[in-house]
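> This is the content of input_12.txt (compact mmCIF, C-alpha atoms and all ligand atoms):
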# COMPACT_ATOMS: atom_id res chain seq x y z
CA MET A 14 78.37 -99.03 -40.86
CA SER A 15 76.09 -100.46 -38.14
CA ASN A 16 74.00 -103.50 -38.90
CA ASN A 17 70.61 -101.91 -39.24
CA GLU A 18 71.44 -98.65 -40.99
CA PRO A 19 69.59 -98.40 -44.29
CA ILE A 20 71.55 -99.43 -47.38
CA PRO A 21 70.71 -97.00 -50.18
CA PHE A 22 70.34 -98.20 -53.73
CA LEU A 23 73.02 -95.67 -54.65
CA ASP A 24 75.35 -93.70 -52.39
CA LEU A 25 76.70 -90.58 -54.06
CA VAL A 26 77.38 -88.77 -50.79
CA THR A 27 80.38 -90.82 -49.63
CA LEU A 28 82.14 -90.50 -52.98
CA HIS A 29 81.69 -86.73 -53.06
CA LYS A 30 82.87 -86.34 -49.47
CA GLU A 31 86.09 -88.10 -50.44
CA LEU A 32 86.59 -85.89 -53.49
CA GLU A 33 85.43 -82.64 -51.92
CA PRO A 34 88.85 -80.89 -51.65
CA GLU A 35 89.72 -81.66 -55.28
CA LEU A 36 86.28 -80.68 -56.58
CA LEU A 37 86.31 -77.44 -54.59
CA SER A 38 89.69 -76.44 -55.96
CA THR A 39 88.34 -76.91 -59.51
CA LEU A 40 85.27 -74.87 -58.62
CA LYS A 41 87.55 -72.06 -57.36
CA GLU A 42 89.67 -72.21 -60.49
CA VAL A 43 86.62 -71.92 -62.75
CA LEU A 44 85.20 -69.06 -60.65
CA GLN A 45 88.51 -67.22 -60.78
CA THR A 46 88.77 -67.46 -64.56
CA ALA A 47 84.99 -67.21 -65.16
CA GLY A 48 85.46 -69.55 -68.09
CA PHE A 49 82.13 -71.29 -67.69
CA VAL A 50 81.47 -72.56 -71.21
CA GLY A 51 84.00 -74.29 -73.45
CA GLY A 52 87.71 -73.49 -73.07
CA PRO A 53 90.65 -75.43 -71.63
CA LYS A 54 88.68 -77.41 -69.00
CA VAL A 55 86.42 -78.89 -71.68
CA GLU A 56 89.35 -79.56 -74.03
CA GLU A 57 91.33 -81.28 -71.26
CA PHE A 58 88.44 -83.58 -70.40
CA GLU A 59 87.79 -84.37 -74.06
CA ARG A 60 91.45 -85.36 -74.51
CA ASP A 61 91.45 -87.53 -71.39
CA PHE A 62 88.14 -89.23 -72.08
CA ALA A 63 89.01 -89.99 -75.73
CA LYS A 64 92.21 -91.63 -74.46
CA PHE A 65 90.31 -93.58 -71.80
CA CYS A 66 87.94 -94.93 -74.49
CA ASP A 67 90.71 -95.65 -77.05
CA ALA A 68 88.91 -93.29 -79.42
CA SER A 69 90.43 -90.57 -81.61
CA HIS A 70 87.92 -87.84 -80.72
CA CYS A 71 85.64 -86.89 -77.86
CA VAL A 72 83.01 -84.16 -78.07
CA GLY A 73 81.65 -82.97 -74.73
CA VAL A 74 77.93 -82.25 -74.74
CA ALA A 75 75.17 -81.33 -72.31
CA SER A 76 73.70 -84.82 -71.75
CA GLY A 77 73.67 -88.42 -72.93
CA THR A 78 70.44 -87.73 -74.78
CA ASP A 79 72.13 -84.94 -76.77
CA ALA A 80 75.04 -87.30 -77.39
CA VAL A 81 72.81 -89.92 -79.06
CA ARG A 82 70.93 -87.26 -81.02
CA PHE A 83 74.03 -85.39 -82.30
CA ALA A 84 75.76 -88.67 -83.22
CA LEU A 85 72.77 -89.77 -85.30
CA THR A 86 72.46 -86.42 -87.06
CA ALA A 87 76.20 -86.21 -87.72
CA ALA A 88 76.07 -89.74 -89.14
CA GLY A 89 73.57 -88.48 -91.71
CA VAL A 90 70.33 -89.82 -90.23
CA LYS A 91 67.54 -87.78 -91.80
CA PRO A 92 63.95 -86.98 -90.86
CA GLY A 93 61.80 -89.90 -91.99
CA ASP A 94 64.54 -92.54 -91.55
CA VAL A 95 64.08 -95.60 -89.39
CA VAL A 96 66.64 -96.26 -86.64
CA VAL A 97 66.68 -99.67 -85.00
CA THR A 98 67.29 -100.14 -81.29
CA VAL A 99 65.98 -102.29 -78.40
CA PRO A 100 62.85 -101.83 -76.30
CA HIS A 101 64.84 -102.66 -73.15
CA THR A 102 66.53 -99.33 -72.48
CA PHE A 103 65.91 -95.94 -70.92
CA ILE A 104 63.57 -93.81 -73.04
CA ALA A 105 66.37 -91.33 -73.77
CA THR A 106 67.67 -93.72 -76.46
CA THR A 107 64.45 -93.50 -78.46
CA GLU A 108 63.79 -89.85 -77.58
CA ALA A 109 67.10 -88.99 -79.19
CA ILE A 110 66.20 -91.01 -82.29
CA SER A 111 62.88 -89.15 -82.58
CA GLN A 112 64.57 -85.81 -81.90
CA ALA A 113 66.92 -86.53 -84.80
CA GLY A 114 63.74 -86.75 -86.90
CA ALA A 115 63.81 -90.54 -87.31
CA ARG A 116 61.34 -93.20 -86.28
CA PRO A 117 62.60 -95.61 -83.61
CA ASP A 118 61.98 -99.28 -84.29
CA PHE A 119 62.85 -102.29 -82.20
CA VAL A 120 64.38 -105.73 -82.19
CA ASP A 121 64.26 -107.93 -79.11
CA VAL A 122 67.09 -108.45 -76.66
CA ASP A 123 69.15 -111.52 -75.91
CA GLU A 124 67.73 -113.69 -73.14
CA HIS A 125 71.06 -113.76 -71.26
CA THR A 126 72.83 -110.44 -71.82
CA HIS A 127 69.67 -108.30 -72.11
CA CYS A 128 71.44 -106.43 -74.94
CA MET A 129 70.41 -106.35 -78.61
CA ASP A 130 70.17 -109.88 -80.00
CA PRO A 131 72.15 -109.84 -83.28
CA ARG A 132 70.05 -112.76 -84.62
CA LYS A 133 66.90 -110.69 -84.14
CA LEU A 134 68.56 -107.78 -85.89
CA ARG A 135 69.50 -110.05 -88.80
CA ASP A 136 65.91 -111.37 -88.99
CA TYR A 137 64.58 -107.80 -88.99
CA LEU A 138 66.92 -106.68 -91.77
CA GLU A 139 66.34 -109.80 -93.88
CA ARG A 140 62.62 -110.28 -93.27
CA ASP A 141 61.21 -106.77 -92.93
CA CYS A 142 63.50 -104.80 -95.23
CA SER A 143 64.75 -104.94 -98.79
CA MET A 144 67.56 -103.25 -100.63
CA ASP A 145 66.55 -100.61 -103.17
CA ALA A 146 68.76 -101.48 -106.13
CA LYS A 147 68.66 -97.90 -107.50
CA THR A 148 69.62 -95.99 -104.36
CA GLY A 149 71.49 -98.78 -102.54
CA LYS A 150 69.36 -97.93 -99.50
CA LEU A 151 67.75 -100.44 -97.21
CA ILE A 152 63.99 -99.85 -97.18
CA HIS A 153 61.58 -101.03 -94.49
CA ARG A 154 58.89 -102.68 -96.60
CA LYS A 155 55.85 -101.87 -94.47
CA LEU A 156 56.94 -98.37 -93.45
CA GLN A 157 58.37 -97.57 -96.88
CA ALA A 158 61.17 -95.66 -95.18
CA PRO A 159 64.94 -96.04 -95.29
CA VAL A 160 66.60 -97.86 -92.38
CA THR A 161 69.85 -96.00 -91.83
CA ALA A 162 71.21 -96.67 -88.36
CA VAL A 163 71.35 -99.12 -85.46
CA VAL A 164 71.72 -98.17 -81.81
CA PRO A 165 72.83 -101.12 -79.67
CA VAL A 166 72.62 -100.28 -75.96
CA HIS A 167 75.37 -101.55 -73.62
CA ILE A 168 72.82 -102.07 -70.90
CA TYR A 169 73.81 -102.24 -67.21
CA GLY A 170 77.51 -101.87 -68.11
CA GLN A 171 77.92 -104.87 -70.43
CA MET A 172 78.60 -104.35 -74.12
CA ALA A 173 76.32 -105.78 -76.77
CA ASP A 174 77.75 -108.46 -79.06
CA MET A 175 79.22 -105.93 -81.50
CA ASP A 176 80.94 -108.15 -84.11
CA PRO A 177 77.77 -109.56 -85.71
CA ILE A 178 76.03 -106.18 -85.37
CA LEU A 179 78.90 -104.46 -87.20
CA ASP A 180 78.94 -107.20 -89.86
CA LEU A 181 75.24 -106.64 -90.51
CA ALA A 182 75.75 -102.88 -90.55
CA ARG A 183 78.47 -103.25 -93.20
CA LYS A 184 76.31 -105.57 -95.26
CA TYR A 185 73.29 -103.24 -95.18
CA ASN A 186 75.16 -99.92 -95.16
CA LEU A 187 73.96 -98.85 -91.71
CA THR A 188 75.59 -96.54 -89.19
CA VAL A 189 76.17 -97.98 -85.71
CA ILE A 190 75.89 -95.60 -82.77
CA GLU A 191 76.74 -97.30 -79.48
CA ASP A 192 74.55 -96.18 -76.59
CA ALA A 193 77.33 -96.45 -74.02
CA CYS A 194 75.52 -94.25 -71.48
CA GLN A 195 75.78 -97.04 -68.88
CA ALA A 196 79.12 -98.49 -69.95
CA HIS A 197 82.09 -96.18 -69.20
CA GLY A 198 85.14 -98.43 -69.37
CA ALA A 199 83.29 -101.62 -70.40
CA GLU A 200 85.19 -103.93 -72.76
CA TYR A 201 84.31 -106.34 -75.54
CA PHE A 202 86.45 -109.06 -77.05
CA SER A 203 86.15 -108.65 -80.80
CA ARG A 204 86.68 -111.94 -82.61
CA ALA A 205 87.05 -109.84 -85.78
CA THR A 206 90.12 -107.96 -84.55
CA ASN A 207 91.17 -110.57 -81.96
CA SER A 208 91.45 -107.85 -79.34
CA TRP A 209 89.62 -106.33 -76.39
CA ARG A 210 87.87 -103.13 -77.42
CA LYS A 211 86.60 -100.37 -75.17
CA ALA A 212 83.01 -99.11 -75.23
CA GLY A 213 83.09 -96.00 -77.37
CA SER A 214 85.80 -97.22 -79.74
CA ILE A 215 84.03 -99.75 -81.91
CA GLY A 216 80.92 -98.18 -83.49
CA HIS A 217 80.86 -95.19 -85.86
CA ALA A 218 80.30 -93.13 -82.73
CA ALA A 219 79.25 -93.72 -79.13
CA ALA A 220 77.15 -91.75 -76.67
CA PHE A 221 77.97 -91.41 -72.97
CA SER A 222 75.90 -89.92 -70.18
CA PHE A 223 77.52 -88.37 -67.12
CA TYR A 224 74.28 -88.13 -65.18
CA PRO A 225 75.40 -88.14 -61.51
CA GLY A 226 74.57 -91.80 -60.83
CA LYS A 227 76.54 -93.16 -63.78
CA ASN A 228 79.90 -94.94 -63.33
CA LEU A 229 81.44 -91.60 -64.33
CA GLY A 230 78.99 -88.97 -63.19
CA ALA A 231 79.11 -85.18 -63.24
CA CYS A 232 77.78 -82.99 -60.44
CA GLY A 233 74.85 -82.13 -62.70
CA GLU A 234 74.00 -82.93 -66.31
CA ALA A 235 76.66 -83.78 -68.88
CA GLY A 236 77.47 -86.16 -71.72
CA ALA A 237 80.00 -86.92 -74.45
CA ILE A 238 80.34 -88.53 -77.85
CA THR A 239 83.40 -90.50 -78.91
CA THR A 240 84.28 -91.36 -82.50
CA ASN A 241 87.21 -92.27 -84.72
CA ASN A 242 85.67 -90.30 -87.59
CA GLU A 243 87.09 -86.79 -87.84
CA ALA A 244 84.32 -85.45 -90.09
CA MET A 245 81.65 -86.68 -87.67
CA ALA A 246 83.52 -85.12 -84.74
CA ARG A 247 83.62 -81.78 -86.57
CA THR A 248 79.88 -81.88 -87.30
CA MET A 249 79.07 -82.87 -83.71
CA ARG A 250 81.12 -79.93 -82.41
CA MET A 251 79.04 -77.63 -84.58
CA LEU A 252 75.73 -79.29 -83.66
CA ARG A 253 76.38 -78.77 -79.94
CA ASP A 254 77.15 -75.09 -80.52
CA HIS A 255 74.39 -73.61 -82.68
CA GLY A 256 75.87 -74.95 -85.91
CA GLN A 257 78.98 -72.76 -85.70
CA ALA A 258 82.67 -73.59 -85.92
CA GLN A 259 83.53 -69.88 -85.80
CA LYS A 260 81.55 -67.54 -83.57
CA TYR A 261 78.49 -66.12 -85.36
CA TYR A 262 79.21 -67.96 -88.65
CA HIS A 263 76.57 -70.68 -88.72
CA GLN A 264 76.93 -73.46 -91.26
CA MET A 265 73.73 -75.11 -90.08
CA GLU A 266 71.13 -74.84 -87.35
CA GLY A 267 72.41 -76.58 -84.26
CA TYR A 268 71.54 -76.72 -80.59
CA ASN A 269 72.63 -75.34 -77.26
CA GLY A 270 74.16 -78.66 -76.25
CA ARG A 271 77.57 -77.77 -74.85
CA LEU A 272 79.38 -79.28 -71.88
CA ASP A 273 79.88 -76.81 -68.99
CA ALA A 274 83.51 -76.06 -68.11
CA LEU A 275 82.74 -76.71 -64.44
CA GLN A 276 81.30 -80.16 -65.15
CA ALA A 277 84.25 -80.90 -67.45
CA GLY A 278 86.63 -79.94 -64.60
CA PHE A 279 84.79 -82.23 -62.18
CA LEU A 280 84.75 -85.05 -64.73
CA THR A 281 88.52 -84.75 -65.37
CA ILE A 282 89.13 -85.32 -61.67
CA LYS A 283 86.67 -88.19 -61.40
CA LEU A 284 87.98 -89.86 -64.55
CA ARG A 285 91.28 -90.52 -62.72
CA TYR A 286 89.35 -92.73 -60.30
CA LEU A 287 87.07 -94.44 -62.80
CA ALA A 288 89.17 -97.57 -63.49
CA GLY A 289 89.48 -98.18 -59.72
CA TRP A 290 85.78 -97.57 -59.14
CA ASN A 291 84.93 -100.00 -61.93
CA ARG A 292 87.19 -102.62 -60.32
CA SER A 293 85.40 -102.08 -56.99
CA ARG A 294 82.04 -102.56 -58.73
CA GLN A 295 83.37 -105.80 -60.26
CA GLU A 296 84.45 -106.94 -56.77
CA VAL A 297 80.97 -106.22 -55.39
CA ALA A 298 79.46 -108.16 -58.31
CA LYS A 299 81.79 -111.10 -57.62
CA ARG A 300 80.69 -111.17 -53.97
CA TYR A 301 77.04 -111.14 -55.01
CA ASP A 302 77.64 -113.78 -57.72
CA ARG A 303 79.49 -116.19 -55.43
CA SER A 304 76.89 -116.09 -52.68
CA PHE A 305 73.85 -116.14 -54.96
CA ALA A 306 75.22 -119.24 -56.74
CA ALA A 307 73.98 -121.22 -53.73
CA VAL A 308 70.53 -119.57 -53.69
CA ASP A 309 67.60 -121.13 -55.54
CA GLY A 310 65.01 -119.08 -57.40
CA LEU A 311 67.26 -116.28 -58.63
CA ARG A 312 69.31 -115.56 -61.75
CA THR A 313 72.46 -113.48 -61.42
CA PRO A 314 73.63 -111.19 -64.25
CA PHE A 315 75.00 -113.22 -67.13
CA CYS A 316 78.47 -112.14 -68.12
CA SER A 317 79.38 -113.42 -71.55
CA ASP A 318 82.96 -114.46 -72.22
CA PHE A 319 83.27 -111.66 -74.79
CA ALA A 320 82.50 -108.94 -72.25
CA HIS A 321 84.00 -107.29 -69.20
CA SER A 322 81.03 -105.63 -67.53
CA VAL A 323 81.54 -102.51 -65.43
CA TYR A 324 78.32 -103.22 -63.53
CA HIS A 325 76.62 -99.87 -63.76
CA LEU A 326 73.78 -101.92 -62.32
CA TYR A 327 73.67 -105.37 -60.72
CA VAL A 328 70.40 -106.82 -61.93
CA ILE A 329 69.01 -110.13 -60.75
CA ARG A 330 65.97 -111.94 -62.14
CA VAL A 331 63.36 -113.41 -59.79
CA ARG A 332 59.80 -114.49 -60.37
CA GLN A 333 58.50 -112.88 -57.15
CA ARG A 334 60.23 -109.59 -57.97
CA ASP A 335 57.64 -107.20 -56.48
CA ALA A 336 57.39 -109.15 -53.22
CA LEU A 337 61.19 -109.32 -52.93
CA GLN A 338 61.46 -105.58 -53.55
CA LYS A 339 58.94 -104.95 -50.76
CA HIS A 340 60.79 -107.33 -48.43
CA LEU A 341 64.09 -105.52 -49.07
CA ALA A 342 62.48 -102.11 -48.60
CA LYS A 343 61.20 -103.26 -45.19
CA ALA A 344 64.73 -104.37 -44.34
CA GLY A 345 66.00 -100.88 -45.27
CA ILE A 346 67.59 -101.93 -48.55
CA GLY A 347 67.06 -99.71 -51.60
CA THR A 348 66.50 -101.30 -55.01
CA GLY A 349 65.39 -100.20 -58.48
CA ILE A 350 63.75 -101.61 -61.60
CA HIS A 351 65.50 -100.80 -64.87
CA TYR A 352 63.04 -100.77 -66.57
CA PRO A 353 59.54 -101.87 -65.56
CA VAL A 354 57.73 -101.17 -68.86
CA PRO A 355 59.39 -101.98 -72.20
CA LEU A 356 59.47 -98.98 -74.51
CA HIS A 357 57.13 -100.45 -77.13
CA LEU A 358 54.42 -100.71 -74.43
CA GLN A 359 54.86 -97.16 -73.15
CA GLU A 360 52.07 -94.66 -73.72
CA ALA A 361 54.60 -92.46 -75.54
CA TYR A 362 55.00 -95.11 -78.25
CA ARG A 363 51.38 -96.17 -78.64
CA HIS A 364 51.55 -94.76 -82.18
CA LEU A 365 54.12 -97.40 -83.13
CA GLN A 366 51.33 -99.96 -82.63
CA TYR A 367 53.26 -102.76 -81.02
CA PRO A 368 50.89 -104.93 -79.01
CA SER A 369 51.94 -106.77 -75.90
CA GLY A 370 53.82 -109.94 -76.90
CA SER A 371 55.72 -108.21 -79.71
CA PHE A 372 59.09 -108.57 -77.97
CA PRO A 373 58.61 -111.52 -75.63
CA VAL A 374 62.14 -111.73 -74.22
CA CYS A 375 62.17 -108.08 -73.23
CA GLU A 376 58.67 -108.32 -71.75
CA GLN A 377 59.61 -111.34 -69.64
CA VAL A 378 62.82 -109.66 -68.51
CA ALA A 379 60.95 -106.48 -67.50
CA SER A 380 58.65 -108.48 -65.22
CA GLU A 381 61.50 -110.21 -63.36
CA ILE A 382 64.38 -107.76 -62.99
CA LEU A 383 65.50 -106.14 -59.79
CA SER A 384 68.55 -103.90 -59.45
CA LEU A 385 70.35 -104.37 -56.13
CA PRO A 386 72.57 -101.78 -54.43
CA MET A 387 75.72 -101.34 -56.54
CA TYR A 388 78.39 -98.70 -56.15
CA PRO A 389 82.15 -98.68 -55.54
CA HIS A 390 81.79 -97.84 -51.84
CA LEU A 391 79.36 -100.67 -51.03
CA ASP A 392 81.33 -102.54 -48.36
CA VAL A 393 81.55 -106.25 -47.58
CA GLU A 394 79.20 -106.03 -44.61
CA GLN A 395 76.57 -104.16 -46.61
CA THR A 396 76.83 -106.61 -49.50
CA GLN A 397 76.44 -109.52 -47.10
CA ARG A 398 73.34 -107.97 -45.57
CA VAL A 399 71.77 -107.60 -49.02
CA ILE A 400 72.67 -111.22 -49.82
CA ARG A 401 71.27 -112.48 -46.49
CA GLU A 402 67.96 -110.64 -46.98
CA VAL A 403 67.53 -111.84 -50.59
CA ALA A 404 68.38 -115.43 -49.58
CA ALA A 405 66.06 -115.31 -46.53
CA PHE A 406 63.16 -114.11 -48.69
CA LEU A 407 63.71 -116.73 -51.38
CA SER A 408 64.18 -119.64 -48.96
CA SER A 409 60.97 -118.69 -47.10
CA ARG A 410 59.16 -118.65 -50.45
CA LEU A 411 60.71 -121.96 -51.39
CA SER A 412 59.70 -123.66 -48.12
CA ALA A 413 56.18 -122.19 -48.42
CA THR A 414 55.93 -123.68 -51.90
CA VAL A 415 57.22 -127.05 -50.67
CA GLU A 416 54.73 -127.08 -47.75
CA GLN A 417 51.87 -126.19 -50.07
CA ALA A 418 52.96 -128.86 -52.50
CA GLN A 419 53.23 -131.61 -49.88
CA PRO A 420 49.55 -132.60 -49.51
CA VAL A 421 49.41 -133.05 -53.28
CA ALA A 422 52.58 -135.15 -53.21
CA LEU A 423 51.09 -137.37 -50.48
C1 LIG O 1 70.85 -96.23 -71.85
C2 LIG O 1 70.78 -94.74 -71.70
N1 LIG O 1 70.73 -93.98 -72.80
C3 LIG O 1 70.67 -92.65 -72.74
C4 LIG O 1 70.66 -92.00 -71.52
C5 LIG O 1 70.52 -90.51 -71.50
O1 LIG O 1 71.49 -89.84 -70.76
P1 LIG O 1 71.17 -88.43 -70.06
O2 LIG O 1 70.29 -88.70 -68.90
O3 LIG O 1 72.52 -87.94 -69.68
O4 LIG O 1 70.53 -87.57 -71.08
C6 LIG O 1 70.74 -92.73 -70.34
C7 LIG O 1 70.74 -92.07 -69.03
O5 LIG O 1 70.09 -92.41 -68.12
C8 LIG O 1 70.78 -94.16 -70.43
O6 LIG O 1 70.81 -94.91 -69.34
Kindly transcribe the structure held in the file into structure tokens.

Amino acid sequence: MSNNEPIPFLDLVTLHKELEPELLSTLKEVLQTAGFVGGPKVEEFERDFAKFCDASHCVGVASGTDAVRFALTAAGVKPGDVVVTVPHTFIATTEAISQAGARPDFVDVDEHTHCMDPRKLRDYLERDCSMDAKTGKLIHRKLQAPVTAVVPVHIYGQMADMDPILDLARKYNLTVIEDACQAHGAEYFSRATNSWRKAGSIGHAAAFSFYPGKNLGACGEAGAITTNNEAMARTMRMLRDHGQAQKYYHQMEGYNGRLDALQAGFLTIKLRYLAGWNRSRQEVAKRYDRSFAAVDGLRTPFCSDFAHSVYHLYVIRVRQRDALQKHLAKAGIGTGIHYPVPLHLQEAYRHLQYPSGSFPVCEQVASEILSLPMYPHLDVEQTQRVIREVAAFLSSRLSATVEQAQPVAL
């Protein structure tokens, strides 16, 4: 790539050019059989993805949002329940909670990992809730509603600290649904089992999105749920298919939330490359990390020693975020902000009545984060150009600050 060609935030074209012959042969196969919904393609992908996640079951669904919603409903979350998550996530997490009939509530994120802070979760459960001795249910005191589930989000490709979250869930009888929509292949070292665990294998169930830009992306919309619980898997299969296990015999009302056979076929092919793509992302992250270590005024993504991140996003923190984003745009470098407004401050959640300052870590994080280009095909030269431009911007800011400060120092 020549030196001044734009560097997109995400390049999906190169990857699909490489895979075109394989994808086209799957397309032909599906057209020839006209098996568009369900069938062997979906079953094959479900088998392969369950294996990839070290989970017993995988249920293919239409999107990551459906995956979170069906997992919550199958876990027994009822209308009127409270489900606890973080305000630093994509709105789909809380939409799915609301769509399951529950009220989303929040605890703040950890300053370093940007995932759910287990200490904040413990405070919430101890301080704001009490156990109803008669029903054995945890009741939110102010809302007078049962708290029944927790949804930790493995944000940017790094898993939340699951051991203490699972301990709390056991203590308070809560279901844990991992939002693994950004974490295909991420790993977590569980001190409890003294082993590395894959995203999707550790909670009661886990939701994955295969939106095209994800580490494993479909060529359209798709999602999946993994679980080790057979009864939950059975219910989720019914929920995605109008509440039926046998055609036209409906045990419940469900949804039209199935995974297309064509997308399943594409995903089966792409899954074979996922481990390699994740390694390439980790290489890109290493290159960024090493060079940015020498740059003042920037924080690189924190990778805890209990996590192997798959870098769905590479997110730095800088005080002059907006100015840096403009500088990079001028230099032809695409960036993103994931996410600029914490969920509790979104118009959509005004009714939850959380004023600004309610979740200070998340609010600070949202004002400083910038996602740099990150994808398996980002080459060394492109990475170096991004690094050079970020460093040039920050050093010019630093020298401007020093110059301004000098008269005062004299
Ligand atoms: C953290 C998180 N949760 C849920 C979702 C929802 O996935 P989908 O877009 O496939 O519905 C996404 C997708 O962007 C996500 O990033």
> List the neighbours of Met265 of chain A out to 7 Å using all atoms listed in the file; skip same-chain residues closer than 2 positions along the sequence, and give me the result as a ChimeraX atom specification.
/A:256,263,267
> Enumerate, in order of chain and increasing residue number, the residues of chain A with an atom no farther than 6 Å from ligand LIG 1 (chain O), each with its shortest atom pair and distance in Å to one decimal, counting only C-alpha atoms and all ligand atoms, as JSON lines.

{"residue": "A:Ser76", "atom": "CA", "partner": "O:LIG1", "partner_atom": "O3", "distance": 3.9}
{"residue": "A:Gly77", "atom": "CA", "partner": "O:LIG1", "partner_atom": "O1", "distance": 3.4}
{"residue": "A:Thr78", "atom": "CA", "partner": "O:LIG1", "partner_atom": "O4", "distance": 3.7}
{"residue": "A:Thr102", "atom": "CA", "partner": "O:LIG1", "partner_atom": "C1", "distance": 5.4}
{"residue": "A:Phe103", "atom": "CA", "partner": "O:LIG1", "partner_atom": "C1", "distance": 5.0}
{"residue": "A:Ala105", "atom": "CA", "partner": "O:LIG1", "partner_atom": "C3", "distance": 4.6}
{"residue": "A:Thr106", "atom": "CA", "partner": "O:LIG1", "partner_atom": "N1", "distance": 4.8}
{"residue": "A:Asp192", "atom": "CA", "partner": "O:LIG1", "partner_atom": "N1", "distance": 5.8}
{"residue": "A:Cys194", "atom": "CA", "partner": "O:LIG1", "partner_atom": "C2", "distance": 4.8}
{"residue": "A:Gln195", "atom": "CA", "partner": "O:LIG1", "partner_atom": "O6", "distance": 5.4}
{"residue": "A:Ser222", "atom": "CA", "partner": "O:LIG1", "partner_atom": "O3", "distance": 3.9}
{"residue": "A:Phe223", "atom": "CA", "partner": "O:LIG1", "partner_atom": "O3", "distance": 5.6}
{"residue": "A:Tyr224", "atom": "CA", "partner": "O:LIG1", "partner_atom": "O3", "distance": 4.8}
{"residue": "A:Ala235", "atom": "CA", "partner": "O:LIG1", "partner_atom": "O3", "distance": 5.9}
{"residue": "A:Gly236", "atom": "CA", "partner": "O:LIG1", "partner_atom": "O3", "distance": 5.6}
> So that I have them on file, write out the residues from the current selection with C-alpha atoms, as a compact mmCIF listing (two decimals), keeping the file's coordinate frame.

# COMPACT_ATOMS: atom_id res chain seq x y z
CA SER A 76 73.70 -84.82 -71.75
CA GLY A 77 73.67 -88.42 -72.93
CA THR A 78 70.44 -87.73 -74.78
CA THR A 102 66.53 -99.33 -72.48
CA PHE A 103 65.91 -95.94 -70.92
CA ALA A 105 66.37 -91.33 -73.77
CA THR A 106 67.67 -93.72 -76.46
CA ASP A 192 74.55 -96.18 -76.59
CA CYS A 194 75.52 -94.25 -71.48
CA GLN A 195 75.78 -97.04 -68.88
CA SER A 222 75.90 -89.92 -70.18
CA PHE A 223 77.52 -88.37 -67.12
CA TYR A 224 74.28 -88.13 -65.18
CA ALA A 235 76.66 -83.78 -68.88
CA GLY A 236 77.47 -86.16 -71.72
> Which residue gives the smallest distance to Ser69 of chain A among A:Gly198, A:Gly213, A:Pro159, A:Pro389, with all atoms listed in the file counted?
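Using all atoms listed in the file, the shortest distance to Ser69 of chain A belongs to A:Gly213.
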> Fewer than 2 positions away in the same chain doesn't count, so skip those; otherwise give me all residues within 10 Å of segment 31-36 of chain A, counting all atoms listed in the file, as a list in words.
Val26, Thr27, Leu28, His29, Ser38, Thr39, Leu40, Lys41, Glu42, Cys232, Leu275, Gln276, Gly278, Phe279, Leu280, Thr281, Ile282 and Lys283 of chain A
> Give me, please, the distance in Å between atom CA of Asn17 of chain A and atom CA of Leu385 of chain A, quoted to one decimal.
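Distance reported for this atom pair: 17.1 Å.
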> When you look at Lys54 of chain A with a cut-off of 7 Å (counting all atoms listed in the file), what residues show up, excluding the ones that are within fewer than 4 positions of it in the same chain? I need them as a VMD selection string.
chain A and resid 58 274 277 to 278
> Export C-alpha atoms of the chosen residues as a JSON list (two decimals), keeping the file's coordinate frame?

[["chain", "number", "residue", "atom", "x", "y", "z"],
["A", 58, "PHE", "CA", 88.44, -83.58, -70.40],
["A", 274, "ALA", "CA", 83.51, -76.06, -68.11],
["A", 277, "ALA", "CA", 84.25, -80.90, -67.45],
["A", 278, "GLY", "CA", 86.63, -79.94, -64.60]]
> How far is it from atom CA of Thr98 of chain A to atom CA of Phe119 of chain A, in Å with one decimal?
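Atom CA of Phe119 of chain A lies 5.0 Å from atom CA of Thr98 of chain A.
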> Please indicate the distance in Å from atom CA of Tyr185 of chain A to atom CA of Pro92 of chain A, rounded to one decimal place.
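Atom-to-atom, atom CA of Tyr185 of chain A to atom CA of Pro92 of chain A, that is 19.2 Å.
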> Between A:Ser214, A:Asn269, A:Met172, A:Gln259, which has the minimum distance to Ser317 of chain A (counting all atoms listed in the file)?
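Distance minimum relative to Ser317 of chain A lands on A:Met172.
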> Listing only residues of segment 281-355 of chain A within 8 Å of segment 365-382 of chain A, what is the closest atom pair and its distance in Å (to one decimal) for each, using only C-alpha atoms, sorted by chain and residue number ascending, as JSON lines?

{"residue": "A:Val328", "atom": "CA", "partner": "A:Ile382", "partner_atom": "CA", "distance": 6.2}
{"residue": "A:Ile329", "atom": "CA", "partner": "A:Ile382", "partner_atom": "CA", "distance": 5.7}
{"residue": "A:Arg330", "atom": "CA", "partner": "A:Ile382", "partner_atom": "CA", "distance": 4.6}
{"residue": "A:Val331", "atom": "CA", "partner": "A:Glu381", "partner_atom": "CA", "distance": 5.1}
{"residue": "A:Arg332", "atom": "CA", "partner": "A:Glu381", "partner_atom": "CA", "distance": 5.5}
{"residue": "A:Gln333", "atom": "CA", "partner": "A:Glu381", "partner_atom": "CA", "distance": 7.4}
{"residue": "A:Arg334", "atom": "CA", "partner": "A:Glu381", "partner_atom": "CA", "distance": 5.6}
{"residue": "A:Ile350", "atom": "CA", "partner": "A:Ile382", "partner_atom": "CA", "distance": 6.3}
{"residue": "A:His351", "atom": "CA", "partner": "A:Ile382", "partner_atom": "CA", "distance": 7.3}
{"residue": "A:Tyr352", "atom": "CA", "partner": "A:Ala379", "partner_atom": "CA", "distance": 6.2}
{"residue": "A:Pro353", "atom": "CA", "partner": "A:Ala379", "partner_atom": "CA", "distance": 5.2}
{"residue": "A:Val354", "atom": "CA", "partner": "A:Ala379", "partner_atom": "CA", "distance": 6.4}
{"residue": "A:Pro355", "atom": "CA", "partner": "A:Glu376", "partner_atom": "CA", "distance": 6.4}
